[in-house]
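Shown next: entry.csv, containing CSV, C-alpha atoms.
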chain,number,residue,atom,x,y,z
A,22,MET,CA,-51.9,10.5,-3.6
A,23,SER,CA,-48.9,11.0,-1.4
A,24,THR,CA,-48.8,10.0,2.3
A,25,ASP,CA,-46.2,10.1,5.0
A,26,ASP,CA,-45.4,6.4,4.4
A,27,ASP,CA,-44.5,7.1,0.8
A,28,ASP,CA,-42.1,9.8,1.9
A,29,GLU,CA,-40.4,7.5,4.3
A,30,ASN,CA,-39.9,4.8,1.6
A,31,SER,CA,-38.5,7.3,-0.9
A,32,VAL,CA,-35.6,8.2,1.4
A,33,LEU,CA,-32.3,7.4,-0.3
A,34,PRO,CA,-30.0,5.1,1.6
A,35,PRO,CA,-27.0,6.8,3.2
A,36,THR,CA,-23.9,7.1,1.2
A,37,THR,CA,-21.3,4.6,2.2
A,38,HIS,CA,-17.7,5.5,2.9
A,39,ARG,CA,-14.6,3.4,2.9
A,40,LEU,CA,-12.0,4.3,5.4
A,41,PHE,CA,-8.3,3.8,4.9
A,42,LEU,CA,-5.4,3.8,7.4
A,43,HIS,CA,-2.2,4.7,5.5
A,44,GLU,CA,0.3,4.7,8.4
A,45,PRO,CA,2.1,1.4,9.3
A,46,GLY,CA,2.2,0.3,13.0
A,47,TRP,CA,-1.3,1.4,13.9
A,48,ARG,CA,-3.9,-1.2,14.8
A,49,VAL,CA,-7.7,-1.0,15.0
A,50,ALA,CA,-9.5,-2.0,18.2
A,51,LEU,CA,-12.9,-1.9,19.8
A,52,LYS,CA,-13.3,-0.4,23.3
A,53,VAL,CA,-15.2,-2.9,25.4
A,54,GLY,CA,-16.1,-2.6,29.0
A,55,SER,CA,-16.1,0.2,31.6
A,56,ASP,CA,-12.3,0.5,32.0
A,57,ARG,CA,-11.3,4.2,31.8
A,58,GLU,CA,-9.3,4.7,28.7
A,59,PHE,CA,-8.6,8.1,27.1
A,60,CYS,CA,-7.8,9.4,23.7
A,61,TYR,CA,-4.2,10.5,23.5
A,62,VAL,CA,-5.1,13.8,21.8
A,63,MET,CA,-7.2,16.7,23.1
A,64,ALA,CA,-10.0,17.7,20.8
A,65,PRO,CA,-10.1,21.3,19.5
A,66,GLY,CA,-11.5,23.7,22.0
A,67,GLN,CA,-11.1,21.2,24.9
A,68,ASP,CA,-8.4,21.4,27.6
A,69,PHE,CA,-8.8,17.7,28.7
A,70,TYR,CA,-8.4,14.3,27.2
A,71,HIS,CA,-11.7,12.7,26.3
A,72,ARG,CA,-12.7,9.2,27.2
A,73,LEU,CA,-13.1,6.3,24.7
A,74,LEU,CA,-16.6,5.0,25.1
A,75,ASP,CA,-17.8,1.5,25.3
A,76,GLY,CA,-18.3,0.1,21.8
A,77,GLU,CA,-16.1,2.9,20.2
A,78,ILE,CA,-13.7,1.9,17.4
A,79,PHE,CA,-10.2,3.4,18.0
A,80,LEU,CA,-6.6,3.2,16.8
A,81,HIS,CA,-3.7,2.2,18.9
A,82,ASN,CA,0.1,2.2,18.6
A,83,ASN,CA,1.9,0.9,21.7
A,84,GLU,CA,0.4,3.0,24.5
A,85,GLU,CA,-1.0,5.7,22.3
A,86,ARG,CA,-4.8,5.5,21.6
A,87,LEU,CA,-6.7,7.7,19.2
A,88,CYS,CA,-10.4,8.0,18.6
A,89,LEU,CA,-11.3,8.0,14.9
A,90,ALA,CA,-12.2,11.8,14.9
A,91,CYS,CA,-8.7,12.7,16.3
A,92,ALA,CA,-7.0,10.2,14.0
A,93,GLU,CA,-8.7,11.8,11.1
A,94,ARG,CA,-7.6,15.3,12.2
A,95,ARG,CA,-4.1,14.0,12.7
A,96,GLY,CA,-4.1,12.8,9.0
A,97,LEU,CA,-3.9,9.1,9.7
A,98,LEU,CA,-7.2,8.3,8.1
A,99,SER,CA,-8.4,9.0,4.6
A,100,TYR,CA,-11.6,8.3,2.6
A,101,LYS,CA,-9.5,7.8,-0.6
A,102,ALA,CA,-7.3,4.8,-1.4
A,103,ARG,CA,-3.7,5.4,-2.3
A,104,GLY,CA,-3.1,5.2,-6.0
A,105,LEU,CA,-1.0,2.5,-7.5
A,106,LYS,CA,2.7,3.2,-7.7
A,107,ASP,CA,4.5,3.5,-11.0
A,108,PRO,CA,5.6,0.0,-12.1
A,109,VAL,CA,9.2,-0.7,-11.6
A,110,PRO,CA,10.9,-1.8,-14.9
A,111,VAL,CA,12.3,-5.3,-14.9
A,112,VAL,CA,15.3,-6.0,-17.0
A,113,GLU,CA,16.1,-9.6,-18.0
A,114,ILE,CA,19.8,-10.3,-18.7
A,115,ILE,CA,20.9,-13.4,-20.4
A,116,ASP,CA,24.4,-14.6,-19.5
A,117,GLU,CA,25.7,-16.8,-22.2
A,118,GLY,CA,26.6,-20.2,-20.8
A,119,GLY,CA,29.2,-21.1,-23.4
A,120,GLU,CA,29.7,-24.7,-24.2
A,121,GLU,CA,28.5,-26.1,-20.9
A,122,GLY,CA,24.8,-25.3,-21.2
A,123,PRO,CA,22.1,-22.8,-21.9
A,124,GLY,CA,22.3,-19.2,-20.7
A,125,VAL,CA,21.3,-18.2,-17.2
A,126,TYR,CA,18.5,-15.7,-16.8
A,127,ARG,CA,19.0,-13.0,-14.1
A,128,ARG,CA,16.3,-10.5,-13.2
A,129,GLU,CA,17.2,-7.1,-12.1
A,130,THR,CA,14.9,-4.2,-11.2
A,131,THR,CA,15.7,-0.7,-11.9
A,132,GLY,CA,14.3,1.6,-9.2
A,133,PRO,CA,14.2,5.3,-9.0
A,134,SER,CA,17.7,5.5,-7.6
A,135,ASP,CA,19.0,3.5,-10.7
A,136,ARG,CA,17.6,6.0,-13.2
A,137,GLU,CA,19.4,9.1,-14.3
A,138,ALA,CA,17.8,12.4,-13.5
A,139,PRO,CA,16.5,14.3,-16.5
Please rewrite the model in this file as structure tokens.
Amino acid sequence: MSTDDDDENSVLPPTTHRLFLHEPGWRVALKVGSDREFCYVMAPGQDFYHRLLDGEIFLHNNEERLCLACAERRGLLSYKARGLKDPVPVVEIIDEGGEEGPGVYRRETTGPSDREAP
């Protein structure tokens, strides 16, 4: 027998999202208080800057403040993590020390600029 209580308990939990900020220099902040602060970007269809509300999470970089919705539209936020970069090959070179002692190890990395183009 099904009741309304059973339906409420069978509701799946909301899917969780991880949010990533890929641009350096931006900081995350929480708007607290009644000071009038505005988002730096006008939302689509609006001809005014909208207020950041008390308790709202926003991004800031120097004097520029962005609500999360505008930051996402601007491409600062993503729901996917960046992939790992290709590993940089490390070359170990042994300099022969001659009669005075053992060889010296020197590590060099070869980056994309060191490689020849195909």
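The two atoms in question, atom CA of Phe41 of chain A and atom CA of Lys106 of chain A, are spaced 16.7 Å apart.
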* Which neighbours of segment 42-54 of chain A fall inside 12 Å, counting only C-alpha atoms, when residues of the same chain fewer than 2 positions from it are skipped, and could you give them as an NGL selection string? -> :A and (39-40 or 56-60 or 72-89 or 92-93 or 95-104)
* To do: One decimal, Å: what's the distance from atom CA of His38 of chain A over to atom CA of Arg94 of chain A, could you say?
  => 16.9 Å
